[in-house]
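protein.txt follows; it contains compact mmCIF, C-alpha atoms.
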```txt
# COMPACT_ATOMS: atom_id res chain seq x y z
CA ALA A 245 -1.80 3.01 27.54
CA GLU A 246 -0.15 -0.39 27.41
CA GLY A 247 -1.08 -3.46 29.42
CA GLY A 248 -4.65 -2.53 30.35
CA ASP A 249 -4.50 -2.00 34.13
CA GLU A 250 -7.44 -3.94 35.56
CA GLY A 251 -8.94 -2.12 38.52
CA GLY A 252 -5.88 -0.08 39.45
CA GLY A 253 -3.29 -0.98 42.04
CA ASN A 254 -0.22 -3.07 41.37
CA SER A 255 -1.45 -5.26 38.53
CA ALA A 256 1.94 -6.92 37.94
CA ALA A 257 2.10 -8.26 41.51
CA ALA A 258 -1.59 -9.11 41.35
CA ALA A 259 -0.98 -11.46 38.44
CA VAL A 260 2.30 -13.09 39.52
CA PHE A 261 0.66 -16.52 40.06
CA ARG A 262 -2.14 -15.98 37.43
CA GLY A 263 -4.64 -18.58 38.63
CA ALA A 264 -2.01 -21.21 39.50
CA ARG A 265 -3.21 -23.77 42.02
CA ILE A 266 -0.94 -23.70 45.07
CA ALA A 267 -1.44 -26.39 47.70
CA LEU A 268 -1.16 -25.78 51.43
CA SER A 269 0.59 -28.55 53.35
CA PRO A 270 -1.32 -29.82 56.39
CA LEU A 271 2.02 -29.47 58.24
CA LEU A 272 1.87 -25.65 58.11
CA SER A 273 1.34 -23.78 61.36
CA ARG A 274 -1.77 -21.60 61.50
CA GLU A 275 0.43 -18.50 61.08
CA GLU A 276 2.24 -19.92 58.04
CA GLU A 277 -1.04 -21.05 56.48
CA ASP A 278 -2.60 -17.61 56.97
CA ALA A 279 0.48 -15.89 55.51
CA ALA A 280 0.55 -18.32 52.56
CA ARG A 281 -3.13 -17.66 51.81
CA GLU A 282 -2.46 -13.88 51.85
CA PHE A 283 0.50 -14.13 49.46
CA ILE A 284 -1.32 -16.55 47.14
CA SER A 285 -4.33 -14.22 47.04
CA ALA A 286 -2.12 -11.14 46.50
CA GLY A 287 -0.52 -12.92 43.53
CA SER A 288 -3.87 -14.06 42.05
CA GLY A 289 -3.18 -17.72 42.83
CA ILE A 290 -5.66 -20.29 44.07
CA ALA A 291 -5.00 -21.92 47.46
CA VAL A 292 -6.00 -25.60 47.51
CA ALA A 293 -5.84 -28.27 50.20
CA VAL A 294 -3.54 -31.28 50.00
CA LEU A 295 -5.54 -34.37 49.05
CA ASP A 296 -3.90 -36.86 51.40
CA PRO A 297 -2.84 -35.07 54.58
CA LYS A 298 -1.36 -38.25 56.06
CA ARG A 299 1.09 -38.65 53.19
CA GLY A 300 1.49 -35.03 52.16
CA PHE A 301 0.64 -35.51 48.48
CA ALA A 302 -0.54 -32.45 46.64
CA PRO A 303 -3.33 -32.49 44.10
CA VAL A 304 -1.89 -33.38 40.71
CA SER A 305 -2.96 -29.99 39.42
CA ALA A 306 -1.08 -28.01 42.11
CA LYS A 307 1.93 -26.19 40.70
CA TYR A 308 3.53 -25.67 44.14
CA VAL A 309 3.07 -26.96 47.71
CA VAL A 310 3.66 -24.51 50.54
CA CYS A 311 5.45 -26.33 53.38
CA PRO A 312 6.83 -25.32 56.78
CA ALA A 313 10.08 -23.36 56.43
CA ALA A 314 11.64 -25.07 59.46
CA PRO A 315 9.99 -28.48 59.73
CA THR A 316 10.45 -30.69 62.77
CA ALA A 317 12.31 -33.97 62.24
CA GLU A 318 8.95 -35.78 61.95
CA GLU A 319 7.57 -33.22 59.49
CA ARG A 320 10.79 -33.42 57.46
CA ARG A 321 10.41 -37.21 57.18
CA ALA A 322 6.87 -36.70 55.84
CA LEU A 323 8.10 -34.08 53.33
CA LEU A 324 10.94 -36.33 52.16
CA ALA A 325 8.66 -39.39 51.89
CA VAL A 326 6.85 -38.02 48.83
CA PRO A 327 8.12 -38.75 45.28
CA ALA A 328 10.88 -36.48 43.92
CA ALA A 329 8.46 -34.85 41.46
CA GLU A 330 6.28 -33.74 44.39
CA ARG A 331 9.30 -32.63 46.46
CA ALA A 332 10.32 -30.37 43.56
CA LYS A 333 7.05 -28.46 44.11
CA GLN A 334 7.78 -27.73 47.80
CA VAL A 335 8.19 -24.02 48.60
CA THR A 336 7.96 -21.77 51.66
CA CYS A 337 5.99 -18.65 52.53
CA HIS A 338 9.23 -16.68 52.04
CA TRP A 339 9.31 -17.78 48.40
CA LEU A 340 5.67 -16.71 47.93
CA GLU A 341 6.42 -13.33 49.53
CA THR A 342 9.51 -12.83 47.37
CA CYS A 343 7.53 -13.59 44.21
CA VAL A 344 4.83 -11.07 45.13
CA GLN A 345 7.42 -8.41 46.07
CA GLN A 346 9.47 -8.92 42.89
CA GLU A 347 6.31 -9.19 40.76
CA ARG A 348 7.54 -12.40 39.12
CA VAL A 349 7.78 -16.12 39.81
CA VAL A 350 11.27 -16.35 41.27
CA GLU A 351 13.27 -19.35 40.09
CA LEU A 352 13.88 -21.83 42.88
CA THR A 353 17.48 -22.04 41.67
CA GLU A 354 19.24 -19.02 40.21
CA PRO A 355 22.42 -19.12 38.09
CA ALA A 356 25.47 -18.91 40.36
CA GLY A 357 27.21 -16.29 38.29
CA LYS A 358 28.41 -15.39 34.85
CA SER A 359 30.52 -18.52 34.51
CA ALA A 360 28.72 -21.22 32.55
CA LYS A 361 30.48 -23.81 34.72
CA SER A 362 28.89 -22.53 37.92
CA ALA A 363 26.15 -24.74 39.30
CA PRO A 364 22.76 -23.14 39.97
CA VAL A 365 22.40 -21.89 43.53
CA ALA A 366 19.27 -22.56 45.55
CA ASN A 367 18.15 -19.95 48.06
CA PRO A 368 17.68 -22.07 51.21
CA ALA A 369 14.81 -19.85 52.36
CA TYR A 370 12.70 -20.87 49.35
CA ARG A 371 12.48 -24.56 50.35
CA PRO A 372 11.82 -26.35 53.66
CA LEU A 373 15.08 -26.62 55.62
CA PRO A 374 16.70 -30.04 55.11
CA CYS A 375 18.00 -30.12 58.71
CA ASP A 376 17.12 -28.79 62.16
CA ALA A 377 17.48 -25.03 62.53
CA PRO A 378 20.17 -24.05 65.07
```
Please express the file's structure as structure tokens.
Amino acid sequence: AEGGDEGGGNSAAAAVFRGARIALSPLLSREEEDAAREFISAGSGIAVAVLDPKRGFAPVSAKYVVCPAAPTAEERRALLAVPAAERAKQVTCHWLETCVQQERVVELTEPAGKSAKSAPVANPAYRPLPCDAP
């Protein structure tokens, strides 16, 4: 038997985040926070709190920061106020769910197609919306 299944169940999904520290934005609704914690746990990640809730900075050791999928204008300003390196870590619960379902860390940008000239395409559901939802 290859891989050594640890305790049965879906071990690939269980290890998708493999101990990665994933921060929870203080801007998350209770429902989004609960869902994020479930997906992080299902993927063997570690949910951590954001160090400075007023400014939205994640702990330096956090690999990702789970943010509201459809932030209000005020929340969006707070999300955009952080340095670009921190913004690059911003993801949504949908991204966490997709990773667990696909049993892999899904790239935040996927190649557009077979053409090398195509720019990478970002799935808008994986990051906080950059504008108000209709």
Might you pull out every residue within 10 Å of A:Glu341, with all atoms listed in the file counted and same-chain residues fewer than 3 positions away left off, and present them as a list in words?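 Counting all atoms listed in the file, the residues come to Ala279, Ala280, Glu282, Phe283, Ile284, Ala286, Gly287, Thr336, Cys337, His338, Val344, Gln345, Gln346, Glu347 and Tyr370 of chain A.
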So how many Å separate atom CA of A:Ala366 and atom CA of A:Leu340, to one decimal? 15.0 Å
Calculated over only C-alpha atoms, which of the candidates A:Val349, A:Ala369, A:Ser285, A:Ala267 has the smallest distance to A:Lys333? A:Ala267
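Among the candidates A:Ala328, A:Cys343, A:Ala306, A:Ala314, the one nearest to A:Asp376 when counting all atoms listed in the file is A:Ala314.
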Nearest residue to A:Glu318 out of A:Val335, A:Leu271, A:Ile266, A:Ala258, using all atoms listed in the file? A:Leu271
Using atom CA of A:Ala322 and atom CA of A:Ser288 as the two end points, give the distance in Å to one decimal.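 Here the two named atoms are 28.6 Å from each other.
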Point-to-point distance in Å for atom CA of A:Glu319 and atom CA of A:Arg262: 29.6 Å
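Closest approach to A:Pro315 from the set A:Ser273, A:Ala293, A:Glu330, A:Arg348 is made by A:Ser273, with distances taken over all atoms listed in the file.
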With 4 Å of padding per side, what axis-aligned box (centre and edge lengths, Å, one decimal) covers all the listed atoms of stretch 286-291 of chain A? Give it as JSON.
```
{"center_x": -3.1, "center_y": -16.5, "center_z": 44.8, "size_x": 13.1, "size_y": 18.8, "size_z": 13.4}
```
Have a look at A:Glu351, A:Gln334, A:Ile290, A:Thr342 and name the one nearest to A:Arg320; count all atoms listed in the file.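 Checking each of A:Glu351, A:Gln334, A:Ile290, A:Thr342 against A:Arg320, counting all atoms listed in the file, the winner is A:Gln334.
For the residues A:Ser269, A:Pro312, A:Val292, A:Arg274, ranking by smallest atom-to-atom distance to A:Leu373 using only C-alpha atoms places A:Pro312 first.
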